[in-house]
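Next comes coords-v6.cif, a file with mmCIF, C-alpha atoms.
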```cif
data_target
#
loop_
_atom_site.label_atom_id
_atom_site.label_comp_id
_atom_site.auth_asym_id
_atom_site.auth_seq_id
_atom_site.Cartn_x
_atom_site.Cartn_y
_atom_site.Cartn_z
CA MET A 1 -6.73 -4.09 12.28
CA ASN A 2 -8.04 -6.37 9.56
CA LEU A 3 -5.88 -5.31 6.62
CA LEU A 4 -7.46 -7.69 4.15
CA ALA A 5 -10.94 -6.38 4.91
CA ALA A 6 -9.73 -2.79 4.64
CA LEU A 7 -8.10 -3.43 1.25
CA ARG A 8 -11.26 -5.08 -0.05
CA ALA A 9 -13.42 -2.24 1.24
CA HIS A 10 -11.36 0.78 0.17
CA ARG A 11 -9.39 -0.59 -2.79
CA LEU A 12 -6.80 2.20 -2.85
CA LEU A 13 -3.54 2.25 -0.91
CA ALA A 14 -1.69 5.56 -1.15
CA ILE A 15 2.11 5.33 -0.90
CA VAL A 16 3.84 8.42 0.44
CA ARG A 17 7.61 8.78 0.06
CA GLY A 18 9.33 12.16 0.28
CA SER A 19 12.55 13.97 1.05
CA ASP A 20 10.71 16.72 2.98
CA PRO A 21 9.23 15.30 6.20
CA ASN A 22 6.86 18.22 6.75
CA ALA A 23 5.57 18.00 3.20
CA ALA A 24 5.19 14.23 3.54
CA LEU A 25 3.12 14.71 6.69
CA THR A 26 0.97 17.33 4.98
CA THR A 27 0.50 14.92 2.08
CA VAL A 28 -0.72 12.18 4.42
CA LEU A 29 -3.17 14.52 6.12
CA THR A 30 -4.43 15.90 2.80
CA LEU A 31 -5.07 12.41 1.47
CA ALA A 32 -6.98 11.56 4.63
CA GLU A 33 -9.08 14.71 4.24
CA GLU A 34 -9.96 13.62 0.70
CA GLY A 35 -11.17 10.23 1.90
CA VAL A 36 -8.15 8.08 1.11
CA THR A 37 -8.41 5.69 4.01
CA LEU A 38 -5.36 3.45 3.54
CA ILE A 39 -2.04 5.28 3.61
CA GLU A 40 1.48 3.85 3.67
CA VAL A 41 4.51 5.95 4.56
CA SER A 42 7.63 4.44 3.01
CA LEU A 43 10.59 4.02 5.34
CA SER A 44 12.84 5.00 2.45
CA GLY A 45 11.60 8.58 2.79
CA ARG A 46 13.43 11.09 4.97
CA ASP A 47 12.57 10.83 8.68
CA ALA A 48 9.77 8.45 7.79
CA LEU A 49 9.31 7.09 11.31
CA ASP A 50 8.80 10.61 12.61
CA VAL A 51 6.29 11.26 9.82
CA ILE A 52 4.38 8.15 10.86
CA ALA A 53 4.42 9.17 14.53
CA ARG A 54 3.22 12.70 13.77
CA ALA A 55 0.54 11.43 11.39
CA ARG A 56 -0.66 8.95 14.00
CA THR A 57 -1.02 11.76 16.53
CA ALA A 58 -2.92 13.91 14.03
CA LEU A 59 -5.20 11.17 12.67
CA GLY A 60 -5.88 9.28 15.87
CA PRO A 61 -5.60 5.64 16.90
CA ASP A 62 -8.10 4.25 14.42
CA ALA A 63 -6.50 5.54 11.22
CA THR A 64 -5.31 2.82 8.84
CA LEU A 65 -1.77 4.17 8.61
CA GLY A 66 1.08 1.84 7.77
CA ALA A 67 4.79 1.64 7.10
CA GLY A 68 6.23 0.60 3.74
CA THR A 69 9.62 -0.58 2.51
CA VAL A 70 9.94 -2.78 5.59
CA LEU A 71 13.10 -4.74 4.87
CA SER A 72 14.03 -6.23 8.22
CA SER A 73 12.85 -7.23 11.68
CA ASP A 74 14.31 -4.00 13.03
CA ASP A 75 12.28 -2.01 10.50
CA ALA A 76 9.11 -3.82 11.58
CA ARG A 77 9.69 -3.12 15.25
CA ALA A 78 10.55 0.52 14.66
CA ALA A 79 7.46 0.97 12.52
CA GLN A 80 5.23 -0.47 15.22
CA LYS A 81 6.80 1.81 17.82
CA ALA A 82 6.16 4.83 15.58
CA GLY A 83 2.49 3.94 15.29
CA ALA A 84 2.14 1.89 12.12
CA ALA A 85 -0.96 -0.30 12.08
CA PHE A 86 0.27 -2.46 9.21
CA LEU A 87 3.48 -3.26 7.34
CA VAL A 88 4.31 -3.39 3.63
CA THR A 89 7.41 -5.11 2.27
CA PRO A 90 8.91 -4.81 -1.22
CA GLY A 91 9.73 -8.51 -1.24
CA VAL A 92 9.78 -11.65 0.89
CA SER A 93 11.71 -10.30 3.88
CA ASP A 94 12.18 -10.88 7.59
CA GLY A 95 9.62 -8.13 8.11
CA ILE A 96 6.83 -10.58 7.29
CA ALA A 97 7.55 -13.04 10.10
CA THR A 98 8.31 -10.24 12.56
CA GLY A 99 5.08 -8.51 11.65
CA ARG A 100 3.22 -11.67 12.54
CA GLU A 101 5.09 -11.87 15.85
CA LEU A 102 4.10 -8.27 16.58
CA GLU A 103 0.50 -8.99 15.55
CA LEU A 104 0.71 -6.45 12.75
CA PRO A 105 -0.86 -7.39 9.40
CA VAL A 106 1.52 -7.54 6.45
CA LEU A 107 1.14 -6.76 2.76
CA ALA A 108 4.08 -8.72 1.38
CA GLY A 109 5.88 -7.92 -1.85
CA VAL A 110 5.91 -10.72 -4.44
CA MET A 111 6.71 -11.02 -8.13
CA THR A 112 6.93 -14.72 -8.97
CA PRO A 113 4.94 -17.84 -8.09
CA THR A 114 7.79 -18.87 -5.79
CA ASP A 115 7.55 -15.53 -3.97
CA ILE A 116 3.82 -16.02 -3.59
CA LEU A 117 4.22 -19.44 -2.00
CA GLN A 118 6.94 -18.19 0.35
CA ALA A 119 4.91 -15.16 1.44
CA GLN A 120 1.89 -17.36 2.10
CA ARG A 121 3.99 -19.73 4.19
CA LEU A 122 5.27 -16.82 6.29
CA GLY A 123 1.72 -15.65 6.97
CA ALA A 124 1.27 -12.59 4.75
CA ASP A 125 -2.23 -11.15 4.89
CA ALA A 126 -2.19 -9.96 1.26
CA LEU A 127 0.24 -9.94 -1.67
CA LYS A 128 1.78 -6.81 -3.14
CA LEU A 129 2.51 -7.59 -6.80
CA PHE A 130 5.63 -5.48 -7.34
CA PRO A 131 6.80 -4.00 -9.62
CA ALA A 132 3.53 -4.72 -11.37
CA GLY A 133 4.03 -2.55 -14.42
CA SER A 134 7.49 -3.91 -15.18
CA ALA A 135 6.34 -7.48 -14.56
CA GLY A 136 3.77 -7.30 -17.34
CA GLY A 137 0.89 -5.20 -16.06
CA PRO A 138 -2.72 -6.41 -15.84
CA GLY A 139 -1.93 -9.31 -18.15
CA TYR A 140 0.61 -10.66 -15.70
CA LEU A 141 -1.91 -10.47 -12.88
CA ARG A 142 -4.38 -12.37 -15.06
CA ASP A 143 -1.76 -15.09 -15.64
CA LEU A 144 -0.99 -15.38 -11.91
CA ARG A 145 -4.64 -15.71 -11.04
CA GLY A 146 -4.73 -18.92 -13.08
CA PRO A 147 -2.84 -20.97 -10.47
CA PHE A 148 -3.77 -18.60 -7.63
CA PRO A 149 -7.40 -17.63 -8.29
CA ASP A 150 -8.39 -16.81 -4.73
CA LEU A 151 -5.33 -14.96 -3.42
CA PRO A 152 -5.56 -11.26 -2.52
CA PHE A 153 -3.30 -9.37 -4.93
CA VAL A 154 -2.52 -5.65 -4.69
CA PRO A 155 -0.58 -4.43 -7.75
CA VAL A 156 1.97 -1.69 -7.04
CA GLY A 157 4.42 0.05 -9.37
CA GLY A 158 3.48 2.15 -12.38
CA VAL A 159 -0.22 2.15 -11.50
CA ASP A 160 -1.91 5.21 -13.00
CA ALA A 161 -5.68 5.67 -13.03
CA PRO A 162 -6.37 3.71 -16.27
CA ALA A 163 -4.09 0.88 -15.12
CA ALA A 164 -5.84 0.84 -11.74
CA ALA A 165 -9.15 0.19 -13.46
CA ASP A 166 -7.59 -2.60 -15.53
CA TYR A 167 -6.03 -4.30 -12.50
CA LEU A 168 -9.30 -4.20 -10.61
CA ARG A 169 -11.12 -5.73 -13.57
CA GLU A 170 -8.53 -8.51 -13.58
CA GLY A 171 -9.34 -9.36 -9.97
CA ALA A 172 -6.99 -7.27 -7.83
CA ILE A 173 -8.56 -6.56 -4.45
CA ALA A 174 -6.92 -3.11 -4.36
CA VAL A 175 -4.17 -1.10 -6.01
CA GLY A 176 -1.18 0.62 -4.42
CA VAL A 177 -0.30 3.98 -5.93
CA GLY A 178 2.75 6.15 -5.33
CA SER A 179 3.94 8.87 -7.70
CA PRO A 180 0.93 8.80 -10.09
CA LEU A 181 -1.14 9.88 -7.08
CA ILE A 182 1.34 11.76 -4.89
CA GLY A 183 3.13 13.70 -7.63
CA ASP A 184 5.39 16.34 -6.09
CA ALA A 185 3.26 16.87 -2.97
CA ALA A 186 5.63 15.01 -0.62
CA GLU A 187 8.43 17.28 -1.81
CA GLY A 188 6.48 20.44 -1.00
CA GLY A 189 4.53 20.59 -4.27
CA ASP A 190 0.98 21.36 -5.35
CA LEU A 191 -1.63 20.19 -2.84
CA THR A 192 -4.53 21.27 -5.01
CA ALA A 193 -3.31 18.94 -7.73
CA LEU A 194 -2.90 16.20 -5.12
CA ARG A 195 -6.52 16.61 -4.09
CA GLU A 196 -7.63 16.38 -7.72
CA ARG A 197 -5.63 13.21 -8.32
CA ALA A 198 -6.97 11.67 -5.11
CA ARG A 199 -10.54 12.29 -6.22
CA ALA A 200 -9.81 10.83 -9.65
CA PHE A 201 -8.35 7.63 -8.18
CA LEU A 202 -11.21 7.33 -5.71
CA ASP A 203 -13.67 7.64 -8.61
CA VAL A 204 -11.89 4.75 -10.36
CA VAL A 205 -11.91 2.38 -7.39
CA ARG A 206 -15.47 3.23 -6.42
CA ALA A 207 -16.71 2.71 -9.97
CA ASP A 208 -15.28 -0.79 -9.97
CA ALA A 209 -16.45 -1.70 -6.45
CA ARG A 210 -17.69 -5.26 -6.12
CA PRO A 211 -19.33 -7.10 -3.23
#
```
How does this structure look as structure tokens?
Amino acid sequence: MNLLAALRAHRLLAIVRGSDPNAALTTVLTLAEEGVTLIEVSLSGRDALDVIARARTALGPDATLGAGTVLSSDDARAAQKAGAAFLVTPGVSDGIATGRELELPVLAGVMTPTDILQAQRLGADALKLFPAGSAGGPGYLRDLRGPFPDLPFVPVGGVDAPAAADYLREGAIAVGVGSPLIGDAAEGGDLTALRERARAFLDVVRADARP
């Protein structure tokens, strides 16, 4: 898959992490029903590889379903085997180079200019600015885009709906959203509320859509 094109087109990456595998799977499927096209299942969740495999079966081969919190080469290989179509790392890890070897696109976690240069050198397809909120929010992204004006940044961490709009205005190609979108759904919580939050985030990213 072309991860960069998908991020530019859809602009919202949902991050699912839960201690209840069945609820996490239901969360993934509910998001897909609401039109959230890009979904990452974090490997730090319980039985995450099984959640990915079951979601892949349910959603079919063309779904843009990925694995997050990829820390190592072993994580990358296991994620591919489970059915992940792309990888997301929290930092500059061995998962980036292994993802390239496996021909899986990688959204690589970065925080500093040095991280950015390293991730580029390893072949990352896009750059996950993490933890974006703690790093300084939209203002920090604006500062980074001074020396790196054309790089594809995806802020993650503390991104609620108003912050999502701000990041997109500052030039992010997409935003990655975990708990502000997922809430308690991946723990067996309110799916109706999840649907409402998904629609609200989709409204934000569609309102800011650019060519």
Original post:
What do you get, as a ChimeraX atom specification, if you spell out every residue that the PyMOL selection byres ((chain A and resi 103-105) around 12) selects here?
Top reply: /A:1-7,64-67,76-77,79-81,83-89,95-102,106-108,122-127
**OP:** Grab the CA of Phe130 in chain A to CA of Phe201 in chain A distance for me, in Å with one decimal place.
**Re:**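 Taking CA of Phe130 in chain A as the start and CA of Phe201 in chain A as the end point, the length is 19.2 Å.
Reported to one decimal place, the separation of CA of Gly18 in chain A from CA of Thr112 in chain A is 28.5 Å.
Computed from the coordinates, the CA of Gly133 in chain A to CA of Val156 in chain A distance equals 7.7 Å.
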Subject >> the PyMOL selection byres ((chain A and resi 197) around 9) resolved against shown file, as a list of chain:residue names >> reply: A:Ala161, A:Pro180, A:Leu181, A:Ile182, A:Gly183, A:Thr192, A:Ala193, A:Leu194, A:Arg195, A:Glu196, A:Ala198, A:Arg199, A:Ala200, A:Phe201, A:Leu202
Subject >> Nearby residues (all atoms listed in the file) at most 7 Å from range 32-46 of chain A, same-chain spacing under 2 positions excluded, as a list of chain:residue names >> reply: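 Contacts, with the query itself left out: A:His10, A:Leu12, A:Leu13, A:Ala14, A:Ile15, A:Val16, A:Arg17, A:Gly18, A:Ser19, A:Asp20, A:Pro21, A:Val28, A:Leu29, A:Thr30, A:Ala48, A:Leu49, A:Ile52, A:Thr64, A:Leu65, A:Gly66, A:Ala67, A:Gly68, A:Thr69, A:Val70, A:Arg195, A:Ala198.
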**OP:** Write out as a count of residues only which residues come within 10 Å of Ala164 in chain A when counting all atoms listed in the file, dropping same-chain ones fewer than 2 positions away.
**Re:** 24
Determine, counting only C-alpha atoms, which protein, DNA and RNA residues have an atom within 12 Å of an atom of Thr114 in chain A; residues of the same chain fewer than 6 positions away are not included. Present the result as a compact mmCIF listing (two decimals) with C-alpha atoms, in the frame of the given file.
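As written to disk, selection.txt reads:
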```txt
# COMPACT_ATOMS: atom_id res chain seq x y z
CA GLY A 91 9.73 -8.51 -1.24
CA VAL A 92 9.78 -11.65 0.89
CA GLN A 120 1.89 -17.36 2.10
CA ARG A 121 3.99 -19.73 4.19
CA LEU A 144 -0.99 -15.38 -11.91
CA PRO A 147 -2.84 -20.97 -10.47
CA PHE A 148 -3.77 -18.60 -7.63
```
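Using all atoms listed in the file, the nearest neighbour of Leu31 in chain A within the list A:Ser134, A:Asp94, A:Gln118, A:Ala55 is A:Ala55.
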